[in-house]
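One file, work-v7.txt, carrying compact mmCIF, C-alpha atoms:
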```txt
# COMPACT_ATOMS: atom_id res chain seq x y z
CA MET A 94 0.00 0.00 0.00
CA ILE A 95 1.37 3.40 -0.94
CA ALA A 96 0.45 6.26 1.36
CA GLU A 97 -1.38 9.16 -0.31
CA VAL A 98 0.11 12.56 0.53
CA ALA A 99 0.27 15.91 -1.22
CA VAL A 100 3.28 16.14 -3.48
CA ASP A 101 5.03 19.41 -4.28
CA LEU A 102 5.27 19.85 -8.06
CA SER A 103 7.72 22.75 -7.92
CA GLY A 104 10.64 20.40 -8.54
CA ALA A 105 9.45 19.32 -11.98
CA ALA A 106 11.85 19.69 -14.87
CA PRO A 107 11.87 23.19 -16.46
CA LEU A 108 9.90 23.38 -19.68
CA ASN A 109 13.00 24.19 -21.74
CA LEU A 110 14.80 21.02 -20.63
CA PRO A 111 14.02 17.42 -21.65
CA ALA A 112 12.14 15.49 -18.97
CA ALA A 113 14.18 12.96 -17.03
CA ARG A 114 13.43 9.37 -18.05
CA ILE A 115 12.66 7.00 -15.16
CA LEU A 116 12.54 3.23 -15.60
CA ILE A 117 10.22 1.53 -13.08
CA VAL A 118 10.81 -2.22 -12.71
CA ASP A 119 8.28 -4.16 -10.61
CA ASP A 120 6.49 -7.49 -11.14
CA GLN A 121 3.37 -6.02 -9.50
CA SER A 122 1.61 -3.86 -12.12
CA PRO A 123 -0.42 -1.82 -9.54
CA ASN A 124 2.87 -0.64 -8.00
CA VAL A 125 4.14 0.44 -11.41
CA GLN A 126 0.91 2.31 -12.09
CA VAL A 127 0.83 4.14 -8.76
CA VAL A 128 4.52 5.13 -8.78
CA GLY A 129 4.33 6.02 -12.46
CA SER A 130 1.28 8.21 -11.85
CA VAL A 131 2.96 10.11 -9.01
CA LEU A 132 6.18 10.74 -10.92
CA GLY A 133 4.40 11.35 -14.21
CA ARG A 134 2.52 14.29 -12.66
CA LEU A 135 5.93 15.84 -11.93
CA GLY A 136 6.76 15.85 -15.63
CA TYR A 137 9.05 12.82 -15.70
CA GLU A 138 8.93 10.36 -18.59
CA ILE A 139 7.96 6.94 -17.23
CA VAL A 140 9.15 3.66 -18.77
CA PRO A 141 7.54 0.57 -17.15
CA ALA A 142 8.96 -2.97 -17.03
CA SER A 143 7.46 -6.03 -15.34
CA ASP A 144 10.70 -8.01 -14.91
CA GLY A 145 14.48 -7.85 -15.18
CA PRO A 146 14.94 -9.14 -18.76
CA THR A 147 12.31 -6.69 -20.04
CA ALA A 148 14.02 -3.83 -18.20
CA LEU A 149 17.41 -4.66 -19.76
CA LYS A 150 15.86 -4.83 -23.24
CA ARG A 151 14.22 -1.44 -22.82
CA MET A 152 17.49 0.06 -21.59
CA MET A 153 19.14 -1.07 -24.80
CA LEU A 154 16.57 0.95 -26.75
CA ARG A 155 16.64 4.07 -24.57
CA VAL A 156 18.89 4.72 -21.61
CA PRO A 157 17.02 6.07 -18.55
CA ASP A 158 18.24 8.76 -16.19
CA LEU A 159 17.18 6.84 -13.08
CA ILE A 160 15.88 3.35 -12.24
CA LEU A 161 13.36 2.37 -9.56
CA LEU A 162 13.98 -1.35 -9.10
CA ASP A 163 11.94 -3.86 -7.13
CA LEU A 164 14.25 -6.09 -5.11
CA LEU A 165 12.20 -9.29 -4.79
CA MET A 166 11.06 -10.42 -8.24
CA PRO A 167 10.64 -13.98 -9.55
CA GLY A 168 13.34 -15.24 -11.89
CA MET A 169 15.95 -12.50 -12.10
CA ASP A 170 15.84 -10.55 -8.83
CA GLY A 171 16.70 -6.87 -8.43
CA CYS A 172 20.28 -7.50 -7.26
CA GLU A 173 21.07 -9.51 -10.40
CA VAL A 174 19.48 -6.84 -12.61
CA CYS A 175 21.56 -4.16 -10.89
CA ARG A 176 24.79 -6.15 -11.29
CA ARG A 177 24.15 -6.53 -15.02
CA ILE A 178 23.48 -2.81 -15.29
CA ARG A 179 26.76 -1.98 -13.58
CA GLN A 180 28.67 -4.33 -15.92
CA ASN A 181 27.68 -2.22 -18.94
CA PRO A 182 30.03 0.80 -19.30
CA ASP A 183 27.18 2.86 -20.81
CA TRP A 184 24.91 2.21 -17.82
CA LYS A 185 27.28 2.06 -14.86
CA ASP A 186 26.55 5.65 -13.73
CA ILE A 187 22.74 5.41 -13.81
CA PRO A 188 21.41 5.76 -10.23
CA VAL A 189 19.36 2.77 -9.03
CA ILE A 190 16.91 3.13 -6.13
CA PHE A 191 15.67 -0.20 -4.76
CA LEU A 192 12.02 -0.66 -3.76
CA SER A 193 10.95 -3.58 -1.56
CA ALA A 194 8.39 -4.62 1.03
CA ALA A 195 11.12 -6.57 2.83
CA ASP A 196 12.74 -4.62 5.68
CA ASP A 197 15.57 -7.11 6.11
CA LYS A 198 18.89 -5.36 6.82
CA ASP A 199 20.85 -8.12 5.10
CA LEU A 200 18.77 -7.59 1.96
CA VAL A 201 19.39 -3.85 2.16
CA VAL A 202 23.15 -4.42 2.36
CA ARG A 203 23.03 -6.91 -0.52
CA ALA A 204 21.07 -4.44 -2.64
CA LEU A 205 23.50 -1.60 -2.01
CA GLU A 206 26.52 -3.84 -2.61
CA SER A 207 25.10 -4.83 -6.00
CA GLY A 208 25.25 -1.18 -7.06
CA GLY A 209 22.17 0.55 -5.67
CA VAL A 210 22.45 4.14 -4.43
CA ASP A 211 19.35 4.18 -2.19
CA TYR A 212 16.66 1.92 -0.73
CA VAL A 213 13.00 2.66 -0.02
CA THR A 214 10.71 0.19 1.79
CA LYS A 215 7.06 -0.46 0.90
CA PRO A 216 4.57 0.82 1.78
CA PHE A 217 6.39 4.09 1.22
CA ASN A 218 5.43 7.69 1.58
CA GLN A 219 5.01 9.46 -1.76
CA GLY A 220 6.74 12.60 -0.52
CA GLU A 221 9.77 10.60 0.66
CA LEU A 222 9.99 8.75 -2.66
CA VAL A 223 9.72 11.96 -4.70
CA SER A 224 12.37 13.63 -2.55
CA ARG A 225 14.81 10.76 -3.05
CA VAL A 226 14.15 10.63 -6.78
CA ARG A 227 14.82 14.36 -7.10
CA THR A 228 18.00 14.06 -5.05
CA GLN A 229 19.43 11.30 -7.22
CA LEU A 230 18.46 13.06 -10.46
CA ASP A 231 20.06 16.30 -9.23
CA LEU A 232 23.25 14.42 -8.32
CA LYS A 233 23.34 12.72 -11.72
CA ALA A 234 22.77 16.03 -13.51
CA ALA A 235 25.63 17.59 -11.53
CA ARG A 236 27.96 14.68 -12.39
CA ASP A 237 26.99 14.91 -16.05
CA ARG A 238 27.71 18.67 -16.08
CA LEU A 239 31.09 18.17 -14.43
CA ARG A 240 31.96 15.40 -16.88
CA GLN A 241 30.98 17.59 -19.83
CA LEU A 242 33.01 20.51 -18.46
CA ALA A 243 36.02 18.24 -18.05
CA GLU A 244 35.65 16.93 -21.60
CA ASP A 245 35.29 20.46 -22.97
CA LYS A 246 38.39 21.56 -21.06
CA ASP A 247 40.42 18.60 -22.29
CA GLU A 248 39.29 19.18 -25.88
CA LEU A 249 40.18 22.87 -25.73
CA LEU A 250 43.56 22.24 -24.14
CA GLY A 251 44.24 19.48 -26.66
CA ILE A 252 43.51 21.80 -29.59
CA LEU A 253 45.68 24.55 -28.12
CA ALA A 254 48.51 22.13 -27.35
CA HIS A 255 48.46 20.61 -30.83
CA ASP A 256 48.56 24.07 -32.44
CA LEU A 257 51.33 25.16 -30.09
CA LYS A 258 53.33 22.04 -30.86
CA SER A 259 53.19 22.74 -34.59
CA HIS A 260 54.28 26.37 -34.23
CA LEU A 261 56.91 25.61 -31.58
CA ALA A 262 58.44 22.85 -33.68
CA GLY A 263 59.02 25.30 -36.52
CA LEU A 264 60.29 27.98 -34.15
CA SER A 265 62.64 25.53 -32.43
CA ALA A 266 64.10 24.38 -35.76
CA SER A 267 64.66 28.01 -36.82
CA ALA A 268 66.27 28.80 -33.47
CA ARG A 269 68.69 25.87 -33.76
CA LEU A 270 69.67 26.94 -37.27
CA MET A 271 70.19 30.51 -36.07
CA ARG A 272 72.34 29.29 -33.18
CA GLU A 273 74.54 27.31 -35.54
CA ARG A 274 75.03 30.38 -37.74
CA THR A 275 75.89 32.69 -34.85
CA VAL A 276 78.91 30.56 -33.96
CA PHE A 277 80.85 32.73 -36.38
CA VAL A 278 79.42 36.00 -35.02
CA THR A 279 81.76 37.87 -32.69
CA ASP A 280 79.00 39.83 -30.96
CA GLU A 281 78.60 38.05 -27.59
CA ARG A 282 75.19 39.65 -26.96
CA THR A 283 73.83 38.20 -30.23
CA GLN A 284 75.21 34.77 -29.34
CA HIS A 285 73.65 34.96 -25.88
CA LEU A 286 70.22 36.00 -27.19
CA THR A 287 70.25 33.31 -29.87
CA GLU A 288 71.20 30.63 -27.34
CA ASN A 289 68.42 31.83 -25.03
CA ILE A 290 65.81 31.64 -27.84
CA ALA A 291 66.91 28.11 -28.81
CA ARG A 292 66.86 26.88 -25.19
CA THR A 293 63.47 28.44 -24.37
CA THR A 294 61.71 27.16 -27.48
CA GLY A 295 63.15 23.70 -26.83
CA GLN A 296 61.80 23.73 -23.29
CA LEU A 297 58.35 24.85 -24.43
CA LEU A 298 58.22 22.20 -27.16
CA SER A 299 59.27 19.48 -24.71
CA PHE A 300 56.58 20.53 -22.24
CA VAL A 301 53.83 20.55 -24.89
CA GLU A 302 54.88 17.11 -26.16
CA GLU A 303 54.79 15.64 -22.65
CA PHE A 304 51.50 17.41 -21.90
CA LEU A 305 49.92 15.77 -24.95
CA ALA A 306 51.33 12.37 -23.98
CA ASN A 307 49.96 12.73 -20.45
CA ALA A 308 46.56 13.87 -21.72
CA ALA A 309 46.38 10.79 -23.95
CA ALA A 310 47.22 8.58 -20.95
CA ASP A 311 44.54 10.33 -18.85
CA HIS A 312 41.91 9.46 -21.43
CA GLY A 313 42.60 5.81 -20.85
CA VAL A 314 45.57 3.74 -21.88
CA ASN A 315 44.35 0.74 -23.86
CA PRO A 316 47.53 -1.08 -24.89
CA THR A 317 47.66 -3.88 -27.43
CA LEU A 318 49.66 -6.60 -25.68
CA VAL A 319 51.75 -8.79 -27.97
CA PRO A 320 54.89 -10.91 -27.46
CA MET A 321 58.00 -8.73 -27.94
CA ASP A 322 61.70 -8.82 -27.06
CA LEU A 323 62.49 -6.37 -24.27
CA CYS A 324 66.21 -6.62 -25.08
CA ALA A 325 65.61 -5.47 -28.66
CA ALA A 326 63.51 -2.53 -27.45
CA ALA A 327 66.16 -1.53 -24.90
CA ALA A 328 68.94 -1.79 -27.52
CA ALA A 329 66.98 0.49 -29.87
CA ALA A 330 66.42 3.04 -27.09
CA VAL A 331 70.14 3.03 -26.24
CA ARG A 332 71.05 3.66 -29.90
CA ASN A 333 68.71 6.65 -29.96
CA TYR A 334 70.54 8.25 -27.01
CA GLN A 335 74.15 7.42 -27.86
CA GLU A 336 74.69 10.74 -29.63
CA GLY A 337 73.06 12.78 -26.86
CA ALA A 338 75.19 10.95 -24.30
CA ARG A 339 78.34 11.55 -26.35
CA ARG A 340 77.67 15.31 -26.45
CA LYS A 341 77.61 15.30 -22.63
CA SER A 342 80.69 13.04 -22.39
CA LEU A 343 78.55 10.21 -21.00
CA LYS A 344 78.98 6.52 -21.69
CA ILE A 345 76.10 4.02 -21.88
CA GLU A 346 76.98 0.40 -21.13
CA THR A 347 74.58 -2.51 -21.62
CA ASP A 348 74.15 -5.96 -20.09
CA PHE A 349 71.44 -7.87 -21.94
CA ALA A 350 70.42 -11.46 -21.27
CA THR A 351 70.74 -13.75 -24.28
CA GLU A 352 67.40 -15.54 -23.80
CA GLY A 353 64.12 -15.44 -21.90
CA THR A 354 63.50 -11.73 -22.51
CA MET A 355 60.21 -11.98 -24.39
CA VAL A 356 57.43 -9.99 -22.68
CA LEU A 357 53.72 -9.49 -23.25
CA ALA A 358 53.52 -5.74 -23.84
CA ASP A 359 52.63 -2.91 -26.21
CA PRO A 360 55.68 -2.07 -28.38
CA SER A 361 54.90 1.65 -28.69
CA ALA A 362 54.23 1.96 -24.95
CA VAL A 363 57.48 0.14 -24.13
CA ASP A 364 59.38 2.47 -26.47
CA GLN A 365 57.86 5.49 -24.72
CA VAL A 366 58.71 4.13 -21.26
CA LEU A 367 62.35 3.40 -22.15
CA ASP A 368 62.67 6.71 -23.99
CA ASN A 369 61.50 8.64 -20.91
CA LEU A 370 63.79 6.78 -18.51
CA LEU A 371 66.88 7.01 -20.73
CA SER A 372 66.15 10.66 -21.45
CA ASN A 373 66.11 11.35 -17.71
CA ALA A 374 69.32 9.39 -17.16
CA VAL A 375 71.13 11.47 -19.80
CA LYS A 376 69.44 14.68 -18.72
CA PHE A 377 70.35 14.45 -15.03
CA SER A 378 73.82 12.88 -15.30
CA PRO A 379 76.86 15.17 -14.93
CA PRO A 380 79.51 14.87 -17.67
CA ASP A 381 81.99 11.97 -17.68
CA ARG A 382 79.63 9.56 -15.91
CA LEU A 383 78.40 6.07 -16.76
CA ILE A 384 74.81 5.00 -17.47
CA SER A 385 74.02 1.28 -17.21
CA VAL A 386 71.13 -0.46 -18.96
CA ALA A 387 70.48 -4.13 -18.12
CA VAL A 388 67.76 -6.61 -19.06
CA GLN A 389 67.35 -9.90 -17.20
CA ALA A 390 64.79 -12.69 -17.07
CA LEU A 391 62.92 -13.35 -13.82
CA PRO A 392 60.69 -16.35 -13.00
CA GLU A 393 57.46 -14.75 -14.29
CA ALA A 394 58.64 -11.41 -15.64
CA VAL A 395 61.47 -9.63 -17.44
CA GLU A 396 63.19 -6.70 -15.78
CA CYS A 397 64.91 -3.69 -17.31
CA ARG A 398 67.23 -1.67 -15.06
CA ILE A 399 68.43 1.81 -15.95
CA HIS A 400 71.07 3.12 -13.56
CA ASP A 401 72.70 6.54 -13.62
CA ARG A 402 75.41 8.10 -11.47
CA GLY A 403 73.65 11.43 -11.08
CA PRO A 404 72.58 13.34 -7.95
CA GLY A 405 70.00 10.74 -6.90
CA PHE A 406 66.72 11.41 -5.12
CA THR A 407 65.69 12.29 -1.59
CA ALA A 408 63.07 10.28 0.33
CA GLU A 409 60.57 13.07 -0.38
CA ASP A 410 61.39 12.85 -4.10
CA ARG A 411 60.73 9.11 -4.15
CA GLU A 412 57.30 9.54 -2.58
CA ARG A 413 56.06 11.96 -5.25
CA MET A 414 58.19 11.25 -8.34
CA PHE A 415 55.39 9.44 -10.21
CA GLN A 416 52.88 12.25 -9.65
CA ARG A 417 52.10 14.75 -12.39
CA TYR A 418 53.86 18.12 -12.54
CA ARG A 419 56.12 17.27 -9.60
CA ARG A 420 59.48 19.00 -9.82
CA LEU A 421 62.08 17.03 -7.90
CA SER A 422 65.22 18.18 -6.13
CA ALA A 423 67.55 17.14 -8.97
CA ARG A 424 67.97 19.49 -11.93
CA PRO A 425 69.12 18.77 -15.50
CA THR A 426 72.88 19.21 -15.79
CA GLY A 427 72.92 20.65 -19.31
CA GLY A 428 70.03 23.11 -19.21
CA GLU A 429 67.61 20.54 -20.66
CA PRO A 430 63.85 21.07 -20.15
CA SER A 431 62.01 19.21 -17.40
CA SER A 432 58.21 19.36 -17.22
CA GLY A 433 57.57 16.99 -14.31
CA LEU A 434 55.34 14.80 -16.49
CA GLY A 435 57.68 12.08 -17.79
CA LEU A 436 57.63 9.72 -14.81
CA SER A 437 53.84 9.96 -14.36
CA ILE A 438 53.46 8.88 -17.99
CA VAL A 439 55.90 6.00 -17.42
CA ARG A 440 53.88 4.75 -14.45
CA LYS A 441 50.54 4.90 -16.30
CA LEU A 442 51.91 3.02 -19.30
CA VAL A 443 53.64 0.32 -17.23
CA LEU A 444 50.58 -0.29 -15.05
CA ALA A 445 48.39 -0.51 -18.16
CA MET A 446 50.66 -3.34 -19.37
CA ASN A 447 50.24 -5.19 -16.02
CA GLY A 448 53.82 -4.34 -15.04
CA THR A 449 55.54 -2.52 -12.20
CA VAL A 450 57.97 0.40 -12.03
CA SER A 451 60.03 1.49 -9.04
CA CYS A 452 63.08 3.53 -8.14
CA GLN A 453 66.03 2.81 -5.87
CA SER A 454 68.06 5.86 -4.99
CA LEU A 455 69.91 7.77 -2.32
CA PRO A 456 71.04 11.41 -2.50
CA GLY A 457 74.43 11.65 -4.18
CA GLN A 458 74.48 7.99 -5.25
CA GLY A 459 72.57 8.03 -8.51
CA ALA A 460 69.26 6.33 -9.26
CA THR A 461 68.12 2.95 -10.57
CA PHE A 462 64.73 2.61 -12.25
CA LEU A 463 63.37 -0.92 -12.46
CA VAL A 464 60.64 -1.82 -14.93
CA GLN A 465 59.17 -5.33 -14.78
CA LEU A 466 56.80 -6.61 -17.48
CA PRO A 467 55.01 -9.98 -17.58
CA ALA A 468 56.94 -12.67 -19.44
CA ALA A 469 55.31 -13.80 -22.67
CA PRO A 470 53.87 -17.35 -22.60
CA LYS A 471 56.33 -19.82 -24.03
CA SER A 472 55.18 -21.33 -27.30
CA VAL A 473 54.56 -25.07 -27.23
```
With the file now loaded, output its structure as C-alpha cells.
Amino acid sequence: MIAEVAVDLSGAAPLNLPAARILIVDDQSPNVQVVGSVLGRLGYEIVPASDGPTALKRMMLRVPDLILLDLLMPGMDGCEVCRRIRQNPDWKDIPVIFLSAADDKDLVVRALESGGVDYVTKPFNQGELVSRVRTQLDLKAARDRLRQLAEDKDELLGILAHDLKSHLAGLSASARLMRERTVFVTDERTQHLTENIARTTGQLLSFVEEFLANAAADHGVNPTLVPMDLCAAAAAAVRNYQEGARRKSLKIETDFATEGTMVLADPSAVDQVLDNLLSNAVKFSPPDRLISVAVQALPEAVECRIHDRGPGFTAEDRERMFQRYRRLSARPTGGEPSSGLGLSIVRKLVLAMNGTVSCQSLPGQGATFLVQLPAAPKSV
C-alpha cells in the first residue's frame, strides 16, 4: 500500500529542458501504475517494465536517467538486474533506487553492494519517494555537467597544445639553425640572445609534447599486448641516445640477457617508457659519468634496469616522483627542459601493461629505475 500525501510539483523539470526518463521495474503492475502516476505528474517520462529481462531490453533501446527497481522479483531478482546494469560501461553511472516490502537489513546491504544508491521500503510515503528521486536526479545532472566541463576543457587544451606544438616545432628548428650560424658571429650579446631563444623554445616544445602524452594517458591507456623482445627494445632506445650521451661526455653500457626476454607488452608503450627513462638518465647525469642499462629474465617477468650516477633522489622525491607536474630536487645538468610529467606517464603506461615500475636511490648515489613486465607465454 502506498500512502497518499500531497506532493510538491515545484521540482518538476523546467519546460525548456528534456524530462528525465525513469525506468520503473516491478512485477506487481499496480505498484508500477501508482509510482508512475505520481512521478508522471511531476513531468518525468515513465518507462515501465514487469521483470528484469524486459528492463534490460528497454534500456538497450533508450537509456534512462534513473531506475526504480523492485528487489524481490521472480526469476531475475533486483540485485542480479543491478549487477548486469553496472557491468555495462554505458549504464554504470545510472542511479538505481531499490524498492521492496522486505525490511531485512541483510537484503538492504546486498542491494547496495550490487550497485544501488538508495533503498525505499514499501509501503512508502510518496513525498519521501519523490524527494529521493529528485536528489538522485540532481546528483546525476551535476555529475553529467562536471563530466561535460572536463571533456570540454580537455578538448580545448588538446587543440591549443596541438597548435602550439606545430608552431613551436618550426620555431625551435629556426632557433637551432640561427644558433649554428651565430657561432661565427663575434658579438657576444647576439650569441647569448640566440642561445636563449633556442633553449626556451626547446623547453616549451618538450613541455607541450609531454603534456599531450599525459593527456592521452589520462583518457585511458588501452595497450595492445603482444609478445615482444624487451632486449631489442632496450637496444633500440640506447642507440637513440648514444649521440646525446656523447655530447655530454657520457657513456652508456649494456648488459642484456641472451634468452628469456620476451614480454607481453605494447611495443609503442614500451618504447615510450624506455625513452623517458633514458632521457632522464642522460638529462640528469653530470659529464663523464656512466649509465648502465640491463635486461634480465625473472621467474614470471622480465626486468629492465636503468642506472645513472647522477645526484639521486631524496626520500621526499621518491614519494612523489610518479605524480604529475612534480618537480624534484635534482635538476638537469645541461640546461635541458624538465616538465615533471615524464615519470607519471611512465607509471601509467607500465601499469596498463600489467607491469611494475620502481626507483632505488639515495642522495648523491645516482638512481636505478626498475621496470618489470610480464613474461610472454612460451610457445609449445
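Distances from A:Gly448, A:Gly129, A:Pro404, A:Gly145 to Arg382 (chain A) were compared using only C-alpha atoms, and the smallest one belongs to A:Pro404.
Minimum atom-to-atom distance to Pro379 (chain A), evaluated using only C-alpha atoms, belongs to A:Ser342 out of A:Thr354, A:Ser342, A:Asn218, A:Thr228.
When the distance limit is 7 Å and all atoms listed in the file are what count, the residues near Leu165 (chain A), minus those fewer than 4 positions from it on the same chain, are Asp170, Gly171 and Ser193 of chain A.
Nearest to Phe217 (chain A) of all the residues A:Leu391, A:Thr351, A:Pro146, A:Phe191 is A:Phe191, based on all atoms listed in the file.
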#### Entry: Spatial neighbours of Val395 (chain A), max dist 6 Å, all atoms listed in the file, sep filter under 6 positions, as JSON, numbers by chain
{"A": [354, 389, 465, 466, 468]}
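Residue nearest Asn447 (chain A), chosen from A:Cys397, A:Leu357, A:Val140, A:Val189 and counting only C-alpha atoms: A:Leu357.
Distances to Ala362 (chain A) were evaluated for A:Phe406, A:Ser437, A:Met446, A:Asp348 using all atoms listed in the file, and the minimum falls at A:Met446.
Between CA of Ala326 (chain A) and CA of Arg398 (chain A) the interatomic distance comes to 13.0 Å.
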### Message
Need to verify the contact set: Lys344 (chain A), 12 Å, all atoms listed in the file, exclusion of same-chain residues closer than 3 positions in sequence. Can you return it as a PyMOL selection string?
### Response
chain A and resi 331-332+334-341+347+374-375+378-386+400-402
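Remark: for Ser143 (chain A), the closest of the candidate residues A:Glu352, A:Asp197, A:Asp158, A:Asp163 is A:Asp163 (distances computed over all atoms listed in the file).
In this model, the gap between CA of Ile139 (chain A) and CA of Leu192 (chain A) comes to 16.0 Å.
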Distance query Ala350 (chain A) at most 8 Å, only C-alpha atoms, self and fewer than 3 positions along chain excluded, as a JSON list (two decimals) with C-alpha atoms, in the frame of the given file:
```json
[["chain", "number", "residue", "atom", "x", "y", "z"],
["A", 324, "CYS", "CA", 66.21, -6.62, -25.08],
["A", 353, "GLY", "CA", 64.12, -15.44, -21.90],
["A", 354, "THR", "CA", 63.50, -11.73, -22.51],
["A", 387, "ALA", "CA", 70.48, -4.13, -18.12],
["A", 388, "VAL", "CA", 67.76, -6.61, -19.06],
["A", 389, "GLN", "CA", 67.35, -9.90, -17.20],
["A", 390, "ALA", "CA", 64.79, -12.69, -17.07]]
```
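Take CA of Arg134 (chain A) and CA of Asp119 (chain A): the distance between them is 19.4 Å.
The point (53.8, -12.1, -27.7) has these residues within 7 Å of it, counting only C-alpha atoms: A:Val319, A:Pro320, A:Met321, A:Val356, A:Leu357, A:Ala469.
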